[in-house]
Each structure stands twice: as structure tokens, then as C-alpha cells.
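J.: So that you have it, the file is query.txt, and it contains compact mmCIF, C-alpha atoms:
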```txt
# COMPACT_ATOMS: atom_id res chain seq x y z
CA MET A 1324 0.00 0.00 0.00
CA GLY A 1325 2.94 2.32 0.62
CA ARG A 1326 3.48 2.75 -3.10
CA TRP A 1327 0.09 4.46 -3.30
CA VAL A 1328 0.93 6.92 -0.52
CA PRO A 1329 2.70 10.09 -1.76
CA ARG A 1330 6.00 10.78 -0.08
CA ASP A 1331 5.07 14.28 1.06
CA GLY A 1332 1.84 15.53 2.57
CA SER A 1333 -0.59 14.91 5.38
CA ARG A 1334 -2.73 11.83 5.90
CA GLU A 1335 -5.71 13.70 4.47
CA ARG A 1336 -3.74 14.59 1.35
CA ALA A 1337 -2.64 10.97 0.97
CA SER A 1338 -6.26 9.83 1.26
CA VAL A 1339 -7.32 12.26 -1.45
CA ALA A 1340 -4.47 11.11 -3.69
CA ILE A 1341 -5.37 7.43 -3.30
CA ALA A 1342 -9.06 8.14 -3.89
CA LEU A 1343 -8.35 10.14 -7.04
CA ASN A 1344 -6.18 7.29 -8.26
CA VAL A 1345 -8.43 4.34 -7.44
CA VAL A 1346 -11.99 5.69 -7.85
CA PRO A 1347 -11.66 6.48 -11.60
CA ALA A 1348 -10.39 2.94 -12.14
CA ILE A 1349 -13.39 1.49 -10.32
CA VAL A 1350 -15.76 3.72 -12.31
CA ALA A 1351 -14.12 2.70 -15.58
CA VAL A 1352 -14.40 -1.03 -14.83
CA ALA A 1353 -18.01 -0.62 -13.69
CA ALA A 1354 -18.87 1.38 -16.81
CA PHE A 1355 -17.47 -1.27 -19.12
CA VAL A 1356 -19.37 -3.98 -17.24
CA VAL A 1357 -22.68 -2.15 -16.98
CA LEU A 1358 -22.73 -0.45 -20.37
CA SER A 1359 -21.17 -3.36 -22.25
CA PRO A 1360 -20.29 -1.17 -25.24
CA SER A 1361 -20.29 -3.09 -28.48
CA SER A 1362 -17.01 -3.74 -30.28
CA ASN A 1363 -16.26 -5.12 -33.71
CA TRP A 1364 -13.72 -7.97 -33.76
CA ASP A 1365 -14.48 -9.06 -37.33
CA ASP A 1366 -11.19 -7.73 -38.69
CA PRO A 1367 -8.41 -8.88 -36.34
CA VAL A 1368 -5.77 -8.01 -38.95
CA LEU A 1369 -6.85 -4.37 -38.85
CA ILE A 1370 -6.80 -4.29 -35.04
CA ALA A 1371 -3.35 -5.91 -35.02
CA ALA A 1372 -2.17 -3.36 -37.58
CA LEU A 1373 -3.42 -0.54 -35.38
CA ALA A 1374 -1.58 -2.05 -32.41
CA GLY A 1375 1.52 -2.17 -34.60
CA VAL A 1376 1.14 1.51 -35.52
CA SER A 1377 0.76 2.29 -31.82
CA ALA A 1378 4.01 0.44 -31.15
CA ILE A 1379 5.70 2.35 -33.99
CA ALA A 1380 4.48 5.60 -32.47
CA TYR A 1381 5.91 4.56 -29.12
CA GLY A 1382 9.24 3.68 -30.71
CA ALA A 1383 9.48 7.13 -32.27
CA GLU A 1384 8.53 8.78 -28.98
CA ALA A 1385 11.07 6.74 -27.02
CA ARG A 1386 13.82 7.59 -29.50
CA LEU A 1387 12.87 11.24 -29.31
CA LYS A 1388 12.93 11.31 -25.51
CA VAL A 1389 16.36 9.70 -25.39
CA ALA A 1390 17.79 11.92 -28.10
CA SER A 1391 16.46 15.31 -27.15
CA GLY A 1392 14.18 15.16 -24.15
CA ALA A 1393 11.24 16.19 -26.30
CA PHE A 1394 7.86 14.53 -26.47
CA PHE A 1395 5.16 14.34 -29.12
CA GLY A 1396 2.61 11.65 -28.20
CA ALA A 1397 0.62 9.99 -30.98
CA ALA A 1398 -1.02 6.87 -29.48
CA LEU A 1399 -4.19 8.90 -28.89
CA VAL A 1400 -4.55 9.31 -32.65
CA VAL A 1401 -4.25 5.56 -33.24
CA ALA A 1402 -6.78 4.89 -30.48
CA LEU A 1403 -9.19 7.31 -32.14
CA VAL A 1404 -8.93 5.40 -35.41
CA ALA A 1405 -9.49 2.12 -33.54
CA LEU A 1406 -12.55 3.59 -31.82
CA ALA A 1407 -14.08 4.56 -35.16
CA LEU A 1408 -13.37 1.21 -36.80
CA ALA A 1409 -13.71 -1.34 -34.01
CA GLY A 1410 -15.18 0.21 -30.86
CA PRO A 1411 -14.06 1.22 -27.36
CA LEU A 1412 -12.47 -2.02 -26.12
CA PRO A 1413 -10.18 -2.47 -29.15
CA ALA A 1414 -9.36 1.24 -28.89
CA LEU A 1415 -8.39 0.75 -25.25
CA LEU A 1416 -6.18 -2.22 -26.09
CA VAL A 1417 -4.48 -0.33 -28.91
CA TRP A 1418 -3.95 2.76 -26.73
CA ILE A 1419 -2.38 0.74 -23.94
CA VAL A 1420 0.26 -0.88 -26.16
CA PRO A 1421 2.97 1.73 -25.41
CA ASP A 1422 2.44 1.36 -21.66
CA VAL A 1423 2.67 -2.42 -21.92
CA ILE A 1424 5.95 -2.09 -23.83
CA THR A 1425 7.33 0.34 -21.24
CA ARG A 1426 6.38 -1.71 -18.20
CA PHE A 1427 6.43 -5.34 -19.27
CA VAL A 1428 8.91 -5.47 -22.16
CA LEU A 1429 11.48 -2.76 -21.49
CA ARG A 1430 10.73 -2.59 -17.75
CA ARG A 1431 11.41 1.13 -17.58
CA GLU A 1432 8.48 1.61 -15.19
CA PRO A 1433 7.08 -0.55 -12.36
CA ARG A 1434 4.72 -3.20 -13.64
CA PHE A 1435 1.96 -2.20 -11.24
CA SER A 1436 1.85 1.27 -9.76
CA PRO A 1437 -0.43 4.30 -9.27
CA GLY A 1438 0.86 5.57 -12.61
CA LEU A 1439 -0.39 2.46 -14.40
CA VAL A 1440 -3.79 2.70 -12.71
CA ALA A 1441 -4.13 6.39 -13.60
CA THR A 1442 -3.10 5.77 -17.20
CA VAL A 1443 -5.35 2.79 -17.89
CA SER A 1444 -8.38 4.26 -16.12
CA SER A 1445 -7.96 7.52 -18.06
CA PHE A 1446 -7.77 5.56 -21.33
CA ALA A 1447 -10.86 3.55 -20.44
CA LEU A 1448 -12.94 6.59 -19.45
CA ALA A 1449 -11.73 8.43 -22.55
CA VAL A 1450 -12.73 5.73 -25.05
CA LEU A 1451 -16.11 5.33 -23.35
CA ALA A 1452 -16.72 9.07 -23.64
CA GLY A 1453 -15.63 9.01 -27.28
CA ALA A 1454 -17.95 6.10 -28.01
CA ALA A 1455 -20.82 7.93 -26.29
CA LEU A 1456 -20.28 11.00 -28.51
CA LEU A 1457 -20.32 8.85 -31.64
CA LYS A 1458 -23.53 7.19 -30.48
CA LEU A 1459 -25.14 10.57 -29.79
CA ALA A 1460 -24.24 11.58 -33.35
CA GLY A 1461 -26.14 8.54 -34.64
CA SER A 1462 -23.09 6.33 -35.22
CA PRO A 1463 -22.34 7.79 -38.66
CA SER A 1464 -20.06 6.06 -41.13
CA GLY A 1465 -17.93 7.00 -44.13
CA THR A 1466 -17.07 10.68 -44.47
CA ALA A 1467 -20.10 11.59 -42.34
CA ILE A 1468 -18.27 10.32 -39.26
CA ALA A 1469 -15.58 13.01 -39.48
CA PRO A 1470 -17.13 15.82 -37.35
CA ALA A 1471 -18.33 13.49 -34.59
CA LEU A 1472 -15.05 11.59 -34.58
CA TYR A 1473 -13.05 14.80 -34.26
CA ALA A 1474 -15.22 15.86 -31.31
CA ALA A 1475 -14.70 12.40 -29.79
CA GLY A 1476 -10.94 12.80 -30.18
CA ILE A 1477 -10.97 16.13 -28.36
CA ALA A 1478 -13.03 14.61 -25.54
CA MET A 1479 -10.64 11.64 -25.30
CA TRP A 1480 -7.65 13.98 -25.12
CA ALA A 1481 -9.22 16.14 -22.39
CA ILE A 1482 -10.36 13.18 -20.26
CA ASN A 1483 -7.00 11.45 -20.60
CA PHE A 1484 -5.24 14.62 -19.45
CA CYS A 1485 -7.58 15.09 -16.49
CA PHE A 1486 -7.24 11.58 -15.08
CA ALA A 1487 -3.72 10.62 -16.17
CA ARG A 1488 -2.07 13.96 -15.33
CA LEU A 1489 -4.17 16.59 -13.61
CA THR A 1490 -5.49 14.42 -10.76
CA PHE A 1491 -2.31 12.34 -10.54
CA ALA A 1492 0.85 14.39 -11.11
CA PRO A 1493 0.23 17.06 -8.42
CA PHE A 1494 0.09 14.38 -5.71
CA TYR A 1495 2.63 11.83 -6.92
CA GLN A 1496 5.07 13.94 -8.92
CA GLY A 1497 4.85 17.36 -7.30
CA TYR A 1498 3.65 19.33 -10.34
CA ARG A 1499 1.52 22.43 -9.91
CA PRO A 1500 -1.91 22.08 -11.57
CA ALA A 1501 -1.61 25.48 -13.27
CA ALA A 1502 1.76 24.54 -14.77
CA LEU A 1503 0.36 21.20 -15.98
CA ILE A 1504 -2.57 22.87 -17.69
CA ARG A 1505 -0.30 25.41 -19.36
CA ASP A 1506 2.58 23.13 -20.37
CA GLU A 1507 0.84 19.84 -21.13
CA PHE A 1508 -2.57 20.96 -22.34
CA VAL A 1509 -2.73 24.53 -23.62
CA ASP A 1510 0.75 24.65 -25.18
CA LEU A 1511 0.33 21.25 -26.84
CA ALA A 1512 -3.19 21.96 -28.11
CA PRO A 1513 -2.20 23.02 -31.66
CA ALA A 1514 -0.11 19.87 -32.19
CA VAL A 1515 -2.75 17.56 -30.73
CA LEU A 1516 -5.62 19.14 -32.65
CA GLY A 1517 -3.62 18.85 -35.87
CA MET A 1518 -2.80 15.20 -35.26
CA LEU A 1519 -6.44 14.44 -34.50
CA LEU A 1520 -7.29 15.70 -37.99
CA VAL A 1521 -4.82 13.14 -39.34
CA GLY A 1522 -6.51 10.42 -37.30
CA VAL A 1523 -9.96 11.35 -38.58
CA ALA A 1524 -8.69 11.31 -42.17
CA ALA A 1525 -7.10 7.88 -41.63
CA ALA A 1526 -10.32 6.47 -40.18
CA VAL A 1527 -12.27 7.67 -43.21
CA LEU A 1528 -9.68 6.32 -45.66
CA VAL A 1529 -9.55 2.88 -44.03
CA GLY A 1530 -13.19 2.41 -45.00
CA GLN A 1531 -12.18 2.96 -48.62
CA LEU A 1532 -8.65 1.55 -48.85
CA GLY A 1533 -8.59 -0.98 -46.03
CA VAL A 1534 -5.58 -1.64 -43.87
CA LEU A 1535 -3.26 -0.02 -46.45
CA ALA A 1536 -4.56 3.38 -45.32
CA LEU A 1537 -2.67 2.89 -42.05
CA ALA A 1538 0.71 3.14 -43.80
CA PRO A 1539 0.39 6.92 -44.37
CA LEU A 1540 -0.85 7.25 -40.78
CA ALA A 1541 2.27 5.54 -39.48
CA ALA A 1542 4.43 7.80 -41.64
CA VAL A 1543 2.65 10.96 -40.49
CA ILE A 1544 3.10 9.88 -36.86
CA VAL A 1545 6.78 9.04 -37.17
CA VAL A 1546 8.04 11.77 -39.51
CA PRO A 1547 7.18 14.76 -37.26
CA GLN A 1548 8.82 13.07 -34.30
CA ILE A 1549 12.02 12.26 -36.18
CA ALA A 1550 12.04 15.78 -37.61
CA LEU A 1551 11.58 17.19 -34.11
CA GLU A 1552 14.51 15.09 -32.92
CA ARG A 1553 16.74 16.52 -35.62
CA ILE A 1554 15.65 20.09 -34.91
CA THR A 1555 16.08 19.94 -31.14
CA HIS A 1556 19.35 18.00 -31.22
CA SER A 1557 22.15 20.55 -31.06
CA GLU A 1558 25.93 20.64 -31.34
CA SER A 1559 28.16 23.31 -29.86
CA THR A 1560 29.62 26.07 -31.99
CA ALA A 1561 32.84 25.40 -30.06
CA ARG A 1562 33.28 22.44 -32.42
CA LEU A 1563 33.57 24.79 -35.41
CA ALA A 1564 36.54 26.71 -36.73
CA ARG A 1565 36.08 30.47 -36.64
CA ALA A 1566 35.61 30.67 -40.42
CA ASP A 1567 32.83 28.06 -40.33
CA ALA A 1568 31.15 29.71 -37.34
CA MET A 1569 31.23 33.06 -39.10
CA ARG A 1570 29.56 31.63 -42.21
CA LEU A 1571 26.94 29.93 -40.03
CA TYR A 1572 26.13 33.15 -38.17
CA THR A 1573 26.09 35.17 -41.38
CA ALA A 1574 23.44 32.88 -42.84
CA ALA A 1575 21.35 32.89 -39.63
CA ILE A 1576 21.40 36.70 -39.33
CA ALA A 1577 20.56 37.07 -43.01
CA ASP A 1578 17.52 34.82 -42.51
CA VAL A 1579 16.22 36.94 -39.63
CA LEU A 1580 16.77 40.13 -41.67
CA ASN A 1581 15.02 38.51 -44.66
CA ILE A 1582 17.93 39.18 -46.99
CA PRO A 1583 17.18 38.11 -50.60
CA ARG A 1584 18.68 34.80 -51.68
CA SER A 1585 21.07 36.38 -54.22
CA GLU A 1586 22.50 38.68 -51.55
CA ARG A 1587 22.88 35.77 -49.15
CA ARG A 1588 25.08 34.04 -51.70
CA GLN A 1589 27.20 37.18 -51.92
CA LEU A 1590 27.50 37.30 -48.14
CA ALA A 1591 28.60 33.67 -47.99
CA CYS A 1592 31.33 34.32 -50.52
CA ALA A 1593 32.38 37.52 -48.76
CA ALA A 1594 32.59 35.70 -45.43
CA ASP A 1595 34.99 33.24 -47.03
CA LEU A 1596 37.18 36.15 -48.11
CA VAL A 1597 37.29 37.49 -44.54
CA HIS A 1598 38.31 34.14 -43.04
CA SER A 1599 39.15 31.49 -45.62
CA THR A 1600 38.82 27.93 -44.45
CA ALA A 1601 41.98 25.91 -44.05
CA ASP A 1602 40.38 23.16 -46.14
CA PRO A 1603 39.10 24.48 -49.50
CA ILE A 1604 36.67 21.56 -49.67
CA ALA A 1605 34.91 23.00 -46.63
CA ALA A 1606 33.83 25.92 -48.82
CA ARG A 1607 32.15 23.64 -51.36
CA GLY A 1608 28.79 25.22 -50.61
CA LEU A 1609 29.89 28.57 -52.03
CA ASP A 1610 28.68 29.45 -55.50
CA TRP A 1611 31.02 31.84 -57.30
CA ARG A 1612 29.44 31.26 -60.70
CA GLN A 1613 28.09 34.51 -62.12
CA ALA A 1614 29.13 36.18 -58.86
CA ASP A 1615 29.84 39.91 -58.74
CA VAL A 1616 33.40 39.45 -57.52
CA SER A 1617 34.10 43.16 -57.17
CA ARG A 1618 30.95 43.64 -55.05
CA ILE A 1619 31.80 40.65 -52.90
CA ALA A 1620 35.34 41.92 -52.37
CA PHE A 1621 33.98 45.38 -51.49
CA ILE A 1622 31.70 43.88 -48.81
CA ALA A 1623 34.53 41.82 -47.34
CA LEU A 1624 36.94 44.80 -47.40
CA HIS A 1625 34.68 46.94 -45.22
CA SER A 1626 33.73 44.24 -42.72
CA HIS A 1627 36.09 45.80 -40.16
CA GLU A 1628 34.50 49.22 -40.22
CA ARG A 1629 32.89 50.37 -36.99
CA TRP A 1630 29.46 51.94 -36.56
CA ALA A 1631 31.05 54.88 -34.73
CA GLY A 1632 33.23 55.62 -37.77
CA ASP A 1633 36.62 54.71 -36.29
CA GLY A 1634 37.16 51.43 -38.10
CA VAL A 1635 39.31 50.34 -41.03
CA PRO A 1636 40.07 50.68 -43.87
CA ALA A 1637 38.08 53.85 -44.60
CA GLY A 1638 36.58 54.90 -41.28
CA LEU A 1639 33.06 54.81 -42.73
CA PRO A 1640 30.40 55.74 -40.17
CA ALA A 1641 27.04 54.09 -39.51
CA GLU A 1642 24.87 53.64 -42.60
CA ALA A 1643 27.72 54.62 -44.89
CA ILE A 1644 29.09 51.14 -44.20
CA PRO A 1645 27.76 48.62 -46.77
CA TYR A 1646 24.86 46.67 -45.30
CA GLY A 1647 26.49 43.31 -46.00
CA SER A 1648 29.68 44.48 -44.29
CA ARG A 1649 27.71 45.31 -41.14
CA ILE A 1650 26.30 41.77 -41.10
CA LEU A 1651 29.77 40.26 -41.57
CA ALA A 1652 31.15 42.41 -38.76
CA VAL A 1653 28.63 41.07 -36.24
CA ALA A 1654 28.98 37.48 -37.49
CA ASP A 1655 32.78 37.69 -37.27
CA ALA A 1656 32.73 39.12 -33.74
CA TRP A 1657 30.16 36.51 -32.71
CA ALA A 1658 32.35 33.72 -34.05
CA ALA A 1659 35.34 35.22 -32.20
CA LEU A 1660 33.43 34.69 -28.96
CA THR A 1661 32.06 31.18 -29.50
CA ALA A 1662 34.10 29.18 -32.05
CA ALA A 1663 36.81 26.64 -31.28
CA GLY A 1664 39.90 28.19 -29.73
CA THR A 1665 38.08 31.37 -28.61
CA ALA A 1666 36.40 32.08 -25.26
CA GLU A 1667 33.78 29.49 -26.38
CA MET A 1668 31.02 31.42 -24.65
CA PRO A 1669 27.46 30.16 -24.34
CA GLN A 1670 25.23 31.88 -26.85
CA SER A 1671 23.39 33.96 -24.26
CA GLU A 1672 26.67 35.42 -22.97
CA ALA A 1673 27.96 36.05 -26.50
CA ILE A 1674 24.85 38.07 -27.35
CA LEU A 1675 25.33 40.16 -24.20
CA ALA A 1676 28.90 40.88 -25.28
CA LEU A 1677 27.75 41.90 -28.76
CA SER A 1678 25.00 44.07 -27.30
CA ALA A 1679 27.58 45.98 -25.28
CA GLN A 1680 29.11 47.13 -28.60
CA SER A 1681 25.78 47.88 -30.29
CA GLY A 1682 25.85 51.43 -31.63
CA LEU A 1683 29.62 51.63 -31.10
CA ALA A 1684 31.19 48.91 -33.22
CA PHE A 1685 28.08 47.35 -34.71
CA ASP A 1686 24.82 48.24 -36.37
CA PRO A 1687 22.16 47.95 -33.60
CA ALA A 1688 19.69 46.37 -36.02
CA VAL A 1689 22.14 43.61 -36.96
CA VAL A 1690 22.98 42.95 -33.29
CA ALA A 1691 19.24 42.72 -32.59
CA ALA A 1692 18.93 40.18 -35.42
CA ALA A 1693 21.70 38.09 -33.86
CA GLY A 1694 19.84 38.27 -30.57
CA ARG A 1695 16.70 37.01 -32.26
CA VAL A 1696 18.63 34.07 -33.74
CA VAL A 1697 19.55 33.03 -30.21
CA GLY A 1698 16.17 33.93 -28.72
CA ASP A 1699 14.34 31.83 -31.31
CA GLU A 1700 16.40 28.71 -30.57
CA GLU A 1701 17.63 28.77 -26.98
CA GLY A 1702 14.25 27.58 -25.71
CA PHE A 1703 14.69 24.13 -27.30
CA ALA A 1704 18.44 23.77 -27.96
CA ARG A 1705 20.09 21.26 -25.67
CA ASP A 1706 23.57 22.81 -25.70
CA PRO A 1707 24.14 26.37 -24.37
CA GLY A 1708 26.66 26.95 -27.15
CA PHE A 1709 24.32 25.56 -29.82
CA GLN A 1710 24.82 26.03 -33.53
CA PRO A 1711 21.79 27.89 -34.97
CA LYS A 1712 19.84 25.72 -37.41
CA LEU A 1713 16.37 27.18 -37.98
CA HIS A 1714 17.60 29.14 -40.99
CA ARG A 1715 18.49 25.86 -42.70
CA LEU A 1716 15.02 24.34 -42.51
CA PRO A 1717 13.25 24.02 -45.90
CA VAL A 1718 9.98 25.51 -44.63
CA PRO A 1719 8.38 28.96 -45.14
CA ARG A 1720 10.13 31.75 -43.27
CA SER A 1721 6.98 32.49 -41.26
CA VAL A 1722 7.14 28.93 -39.93
CA ARG A 1723 10.86 29.16 -39.15
CA ARG A 1724 10.68 32.52 -37.42
CA SER A 1725 7.23 32.47 -35.81
CA ALA A 1726 5.52 29.09 -35.50
CA LEU A 1727 8.51 26.89 -34.61
CA PRO A 1728 10.10 29.18 -31.98
CA ALA A 1729 6.70 29.42 -30.28
CA MET A 1730 5.89 25.70 -30.44
CA LEU A 1731 9.19 23.84 -29.95
CA PRO A 1732 9.99 24.93 -26.35
CA SER A 1733 6.71 23.38 -25.16
CA LEU A 1734 7.75 20.05 -26.71
CA VAL A 1735 11.11 19.94 -24.96
CA ASP A 1736 11.34 18.55 -21.46
```
Here is the file; what I need is its structure written in the form of C-alpha cells.
T.:
Amino acid sequence: MGRWVPRDGSRERASVAIALNVVPAIVAVAAFVVLSPSSNWDDPVLIAALAGVSAIAYGAEARLKVASGAFFGAALVVALVALALAGPLPALLVWIVPDVITRFVLRREPRFSPGLVATVSSFALAVLAGAALLKLAGSPSGTAIAPALYAAGIAMWAINFCFARLTFAPFYQGYRPAALIRDEFVDLAPAVLGMLLVGVAAAVLVGQLGVLALAPLAAVIVVPQIALERITHSESTARLARADAMRLYTAAIADVLNIPRSERRQLACAADLVHSTADPIAARGLDWRQADVSRIAFIALHSHERWAGDGVPAGLPAEAIPYGSRILAVADAWAALTAAGTAEMPQSEAILALSAQSGLAFDPAVVAAAGRVVGDEEGFARDPGFQPKLHRLPVPRSVRRSALPAMLPSLVD
């Protein structure tokens, strides 16, 4: 019984915790017995395939947690599809597959614990609520099931959160309810609501294509998680030579400033003139074909001018300095603070150092852009000296600079 008693708190608090853990389980069992919701077992291959997709989703989640500490659950989506196609009990069995793998195969969690009770009872109550919503809608089929099924998915998500997290984690894991609601419900809502749309589409397509429709579902579940792993995994800039770090920062700043692609190519070439790489092959990404060599050389030449007008070679002040040269100046100074063989500062400290010279050595707008590069990524990067990478993603700039910086920190533990 001691396992059910939270470590901290009064006897009254312990009693409340145990009741909130056990009573939902009793209600769930009683509801399944009394209501006896109908399930369709006519297609065991389909149910097995859904269980397989649930296991695939768990494998992607487990890999993601190990690699980056991030989490993007998808078993709910598979359970929603199972609910639409086979009923609440198959949906429950499919949903519980990841927990069975964790506890009985990999043994990463105790086989029987309050956490297991909270999880299974939340799943059971959720699928029953989802089934009830579908029944209230008249048990539609085909494309007509889509609105009711989406509403069922939202209900399943909310009930699962309430009984698996909100009434459990504050007592047994010490989380504050307000923080749970913000971090694990509100912040994750866009991702969950989007994935539920995928589940609804898969459920509709299975009726037309059969079990083959689950292949795209598995891909849609796995690809975002693997992509998230790659985005949130970071390496330190201290592993880069100064020339490489400068080129990296030049590209990141140019992305924030929305520099046209042709000018970015010029900047990359100019950065190589400021600090050539020891290995010419390392500059293979540069494109000098049809390049304006004189313009590139001009930008590189004035990269050591200072905003205050006391730089070299011409002592150009402020906006008289070529715009590209101002970007190179900040990127070069940034690399001199963080690259291999330098002070190897964390990115937050490097930006503070650059800010101290804003308006003196550097264009304030370019320094602010460098600060945004760090601000956009420090919330999910795992290394304090991380190499910026958002500018490299092949997605619209609005996604890189608005949606992802807002969403990714909530997905990182």
C-alpha cells in the first residue's frame, strides 16, 4: 500500500491522492461492465495493424525522448482510429500498447503502480466518452463520421489529461496544476488538434482503402517526431573553426533580416574572403558562378568598419558602411566569442557581449537580429553553445521565425 501513498503531505492529502487514483479505475471497470459497449472484432488483422502503428508511435517517442528530451505523443490518434473502426475495447487495447511495452517489455516503469492505474483508467474513461459521442451523433459512417469523430478525439484527449495527469501528477510527482494545464494541455493543443485531424482522415480512408490506409498514418506519426529530434538536437559552436562559425552566423542573421537569396550568396562568398577555411573543400557550398566578384570583395573589405566611424580601412560611419559588411562584422565578432579556440562562450553570454558594442562597433539592427537568432532557438536547444539551425530548414520563413520558436519549447522537457 505504501506505493500508493505520496511521499510528502498529510494523511488527508494521501487519502485524497489514493481516492483520485483508485476511484476512476473502479468507475471505468463498472462502466465497461454495466454499459457493455459493443465492439467489432471481425477484422483482427486491422486491429493488429493498429496495435503495430501504436508500437511504432511509441518507438518514435522513445527515441525522441532519449535523443532530445522532447515529447510528441501519438497513441491517442491511433486509439481514435481504432474507436471509429472497431469500438471502445479495441481502442483501449491499442492505446495501452505503449504502456505495456514500457512496463512489461522494457521494464522502464514498475509493472503495477499508481501511474499504471491512472493511465489505464484515463484511457478507459476516454474511449467510453468518445464512443458515447459517436452514439449521440447517430453512429455515422464514411465521411459523415468526421465531425463526430473529431469531437470524440478532443473529448478523449481532455479526459485522458484530467485523469492521467491533472489528478495524478500534483500528488505523486509534485507538479503544480496550473503549470500542468499550461505546459501539457494549452501549449500542446495546436499539435494535438492537428494530429487528431490526421486520425480522422485515416479512419475515413480505411473504409475505402482498407488496412493499407494505415501506412500513411504511421508515416505521419513518425516523420514529425524524427524531424523534431533533428531540430532539437544541437551541437556546440565550439566544435567549429572560426571561419565556419562566421559563415553559419552570417546565414542565420541574413535569414532573420530577410535578406534576398542572391544577396545571401554574396554574403557567404564575402565571409569566405574574410576568413578562408583551411580546407578548401569545406567551402564547397559557395557558389562563385556569375558572382559579382568586385561587389563581394567590397563587402569583405569593409567588414572591419565600426558603426562609430573609427574602423578600417576607410573609417566609414554608420549607414555609410555597406549593409552586408555590417552583417559580416557582427557574425565575425560573434564567431570570435564562440568558435573553437576562442572564449567558447554560451550563446546567451555572447549576445550580451555583442549588445555591449551595439551602436559603437556594430549596427544595432544587426545585433538585434543576432539576438533574435539566439532567442528563437535557446528555448529548445540542448547545448548552451548551440549552432543555430532554424535558418536551414526548408519551410516557409513564417514557420521558421514564428511558429517553430513558439511551439518547440513546449515540446522539450
J.: May I ask for the distance between atom CA of A:Arg1695 and atom CA of A:Leu1713, given in Å to one decimal place?
T.: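 Pair atom CA of A:Arg1695 / atom CA of A:Leu1713 returns 11.4 Å.
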J.: Pick the closest to A:Ile1650 from A:Ala1471, A:Leu1540, A:Ala1692, A:Ala1614: which is it, counting only C-alpha atoms?
T.: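 The answer is A:Ala1692, which sits nearest to A:Ile1650.
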J.: Nearest to A:Val1350: which of A:Met1479, A:Val1443, A:Gly1664, A:Asp1699 is it, counting all atoms listed in the file?
T.: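 When distances to A:Val1350 are compared using all atoms listed in the file, the smallest one comes from A:Val1443.
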J.: Calculated over only C-alpha atoms, which of the candidates A:Val1690, A:Val1635, A:Met1668, A:Leu1520 has the smallest distance to A:Ile1576?
T.: A:Val1690
J.: For A:Ala1487, work out the shell of residues within 6 Å, counting all atoms listed in the file and skipping chain neighbours fewer than 5 positions away, then give it as a list in words.
T.: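 My list of contacting residues is Ala1441, Thr1442 and Ser1445 of chain A.
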J.: What is the atom CA of A:Val1417-atom CA of A:Ser1377 distance in Å, reported with one decimal?
T.: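 So the two atoms, atom CA of A:Val1417 and atom CA of A:Ser1377, lie 6.5 Å apart.
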